[in-house]
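Single-structure report; data block below.
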Amino acid sequence: MSKPRISYVDPATVTDPAMRAEFERCAREGTPRPESQAIRAHVPAVFWSFANTWRDVFKNGIADHTIKELCRIYVSRSVVCEFCGNQRSMKAARAGLKEEDYADLMNFESSPRYDERQKAALAYAEAITWDLPATDELWERLHKHFSEAELVEIGYFIAITMGQQRWLRTLNIEHHQVMAGTDASMAPGFETAEALRRSKQAPDYWAKLAPKPAAQAAE
């Protein structure tokens with residue numbers, strides 16, 4: 001078992017009933033899974049800041065949740081955050097998002113899997129994540145498909161998840177280490193510690209490929 005760079009707070013030692021309940025929700029529903037919250041729990045204000053933001057902006061909010069989920073995984077594939085990239089939103093799955101819908105995210109512009117609205121949001125995620133020029137053409141495209149309120153929420157969410165993922169990838173955390181025994185929100189092939197190990201050893205494991213976005217690969 002890999003050792004995290006910052007220790008996990010053991011949920012069993014938490015005395016705050018609300019925090020204990022949130023840990024249990026993480027184990028039951030995932031996104032976030034308990035491990036990342038066990039790091040944030042060293043500072044309760046950080047724990048709740050993320051929990052509340054995730055609930056209000058990602059899980060709920062005004063923009064299409066499946067679009068936010070695609071943007072989240074786009075960020076994971078871009079910054080190679082394996083912890084985040086091996087999770088899936090259960091809410092998005094209930095709304096009809098399938099595992100195959102994650103396959104072409106790094107080549108979204110040319111993929112037939114995504115509609116024009118999804119591609120516009122992913123172009124937004126691409127520009128934010130890779131520091132690409134925010135051109136008039138990009139903003140005309142975004143305003144065509146989204147209200148200004150939706151653009152605020154989606155942009156804020158992309159920024160929040162990008163920052164968190166860039167941090168989490170440095171921490172050496174892994175799934176099934178805190179409140180183990182649940183597979184909530186885990187991607188197919190990552191439901192248990194053993195399945196996760198096998199999937200990460202596969203030659204086609206996504207993190208081994210780490211493709212660049214089309215705009216940068218062409219340079």
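Chain lettering (A, B, ...) mirrors the order of the structure tokens, residue numbering begins at 1 for each chain separately, and ligand numbering begins at 1 in order of display.
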Near-His145 in chain A list (8 Å; only C-alpha atoms; drop same-chain fewer than 2 positions) as a ChimeraX atom specification: /A:117,120,141-143,147
Expected answer as an MDAnalysis selection string: alpha helix (DSSP H) residues in chain A: chainID A and resid 17:29 34:40 44:53 65:79 82:85 90:94 116:130 136:145 148:168 193:201 206:209 214:217
For those residues, write C-alpha atoms to a file as a tab-separated table (two decimals), in the first residue's frame.
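Saved file result13.tsv follows:
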chain	number	residue	atom	x	y	z
A	17	PRO	CA	-21.06	14.15	14.13
A	18	ALA	CA	-21.51	16.21	10.95
A	19	MET	CA	-18.01	15.40	9.77
A	20	ARG	CA	-18.49	11.72	10.56
A	21	ALA	CA	-21.72	11.77	8.56
A	22	GLU	CA	-19.94	13.37	5.61
A	23	PHE	CA	-17.23	10.69	5.71
A	24	GLU	CA	-19.96	8.05	5.65
A	25	ARG	CA	-21.57	9.77	2.69
A	26	CYS	CA	-18.22	9.76	0.88
A	27	ALA	CA	-17.88	6.01	1.46
A	28	ARG	CA	-21.46	5.44	0.33
A	29	GLU	CA	-21.65	7.80	-2.66
A	34	PRO	CA	-12.96	9.20	1.72
A	35	GLU	CA	-9.21	9.33	1.12
A	36	SER	CA	-9.06	12.87	-0.21
A	37	GLN	CA	-11.37	14.10	2.54
A	38	ALA	CA	-9.22	12.29	5.13
A	39	ILE	CA	-6.37	14.56	4.01
A	40	ARG	CA	-8.50	17.72	4.09
A	44	PRO	CA	-11.97	21.22	9.25
A	45	ALA	CA	-12.48	24.51	7.39
A	46	VAL	CA	-10.76	22.98	4.34
A	47	PHE	CA	-12.80	19.77	4.70
A	48	TRP	CA	-16.08	21.68	4.71
A	49	SER	CA	-15.05	24.20	2.09
A	50	PHE	CA	-14.48	21.40	-0.39
A	51	ALA	CA	-17.48	19.32	0.70
A	52	ASN	CA	-19.85	22.27	0.38
A	53	THR	CA	-18.41	23.45	-2.92
A	65	HIS	CA	-24.20	17.76	-14.30
A	66	THR	CA	-23.05	15.37	-17.03
A	67	ILE	CA	-21.21	18.22	-18.76
A	68	LYS	CA	-19.45	19.08	-15.50
A	69	GLU	CA	-18.54	15.41	-15.08
A	70	LEU	CA	-17.00	15.27	-18.57
A	71	CYS	CA	-15.02	18.42	-17.78
A	72	ARG	CA	-13.86	16.88	-14.50
A	73	ILE	CA	-12.45	13.81	-16.22
A	74	TYR	CA	-10.98	15.95	-18.99
A	75	VAL	CA	-8.99	17.72	-16.28
A	76	SER	CA	-7.96	14.36	-14.76
A	77	ARG	CA	-6.68	13.11	-18.09
A	78	SER	CA	-4.84	16.39	-18.69
A	79	VAL	CA	-3.05	16.75	-15.34
A	82	GLU	CA	-5.07	9.10	-11.19
A	83	PHE	CA	-6.99	9.36	-7.93
A	84	CYS	CA	-9.60	11.62	-9.51
A	85	GLY	CA	-9.50	10.05	-12.94
A	90	MET	CA	-22.97	8.10	-9.90
A	91	LYS	CA	-25.39	10.95	-10.62
A	92	ALA	CA	-24.01	11.31	-14.15
A	93	ALA	CA	-24.34	7.56	-14.70
A	94	ARG	CA	-27.98	7.70	-13.62
A	116	GLU	CA	-21.77	20.68	-29.87
A	117	ARG	CA	-22.76	21.81	-26.39
A	118	GLN	CA	-20.49	19.27	-24.74
A	119	LYS	CA	-17.65	20.16	-27.09
A	120	ALA	CA	-18.01	23.84	-26.25
A	121	ALA	CA	-17.76	23.10	-22.52
A	122	LEU	CA	-14.76	20.84	-23.11
A	123	ALA	CA	-13.10	23.60	-25.15
A	124	TYR	CA	-13.63	25.83	-22.10
A	125	ALA	CA	-11.98	23.18	-19.90
A	126	GLU	CA	-9.15	22.85	-22.40
A	127	ALA	CA	-8.48	26.59	-22.46
A	128	ILE	CA	-8.47	26.85	-18.66
A	129	THR	CA	-6.44	23.70	-18.03
A	130	TRP	CA	-3.79	24.22	-20.71
A	136	ASP	CA	-13.41	35.69	-29.38
A	137	GLU	CA	-14.31	32.52	-31.26
A	138	LEU	CA	-14.23	30.48	-28.06
A	139	TRP	CA	-16.44	32.95	-26.23
A	140	GLU	CA	-18.90	33.21	-29.12
A	141	ARG	CA	-19.16	29.44	-29.04
A	142	LEU	CA	-19.70	29.37	-25.28
A	143	HIS	CA	-22.35	32.10	-25.32
A	144	LYS	CA	-24.18	30.23	-28.08
A	145	HIS	CA	-24.67	27.19	-25.84
A	148	GLU	CA	-23.76	33.58	-18.36
A	149	ALA	CA	-24.73	31.96	-15.06
A	150	GLU	CA	-23.90	28.52	-16.49
A	151	LEU	CA	-20.56	29.81	-17.77
A	152	VAL	CA	-19.72	31.15	-14.32
A	153	GLU	CA	-20.56	27.82	-12.69
A	154	ILE	CA	-18.79	25.66	-15.26
A	155	GLY	CA	-15.70	27.88	-15.32
A	156	TYR	CA	-15.53	28.02	-11.53
A	157	PHE	CA	-15.96	24.27	-11.29
A	158	ILE	CA	-13.22	23.59	-13.85
A	159	ALA	CA	-10.88	25.90	-11.94
A	160	ILE	CA	-11.69	24.32	-8.57
A	161	THR	CA	-11.31	20.74	-9.78
A	162	MET	CA	-8.12	21.56	-11.70
A	163	GLY	CA	-6.51	23.08	-8.61
A	164	GLN	CA	-7.58	20.21	-6.39
A	165	GLN	CA	-6.39	17.60	-8.87
A	166	ARG	CA	-3.02	19.27	-9.35
A	167	TRP	CA	-2.66	19.13	-5.56
A	168	LEU	CA	-3.97	15.60	-5.02
A	193	ALA	CA	-7.86	-2.70	-4.31
A	194	GLU	CA	-6.91	-5.79	-6.31
A	195	ALA	CA	-8.92	-4.75	-9.36
A	196	LEU	CA	-7.33	-1.30	-9.17
A	197	ARG	CA	-3.86	-2.83	-9.05
A	198	ARG	CA	-4.55	-4.98	-12.11
A	199	SER	CA	-6.06	-2.13	-14.08
A	200	LYS	CA	-3.13	0.17	-13.38
A	201	GLN	CA	-0.72	-2.50	-14.62
A	206	TRP	CA	-5.06	5.75	-19.42
A	207	ALA	CA	-2.45	7.39	-17.18
A	208	LYS	CA	0.35	5.65	-19.09
A	209	LEU	CA	-0.77	7.28	-22.33
A	214	ALA	CA	-4.93	18.54	-30.02
A	215	ALA	CA	-4.11	22.27	-29.97
A	216	GLN	CA	-0.81	21.65	-28.19
A	217	ALA	CA	0.11	18.40	-29.93
Nearest-residue call for Met186 in chain A, choices A:Ser2, A:Ser7, A:Thr31, A:Thr13, using only C-alpha atoms: A:Thr31
Coordinates-based distance that separates CA of Ile62 in chain A from CA of Asp101 in chain A (Å, one decimal):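 Computing it gives 21.7 Å between the two atoms.
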For Glu191 in chain A, the nearest of the candidates A:Ser110, A:Ala134, A:Gln87, A:Glu99, counting only C-alpha atoms: A:Gln87
Point-to-point distance from CA of Ala180 in chain A to CA of Ile6 in chain A, Å rounded to tenths: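 These atoms are spaced 18.4 Å apart.
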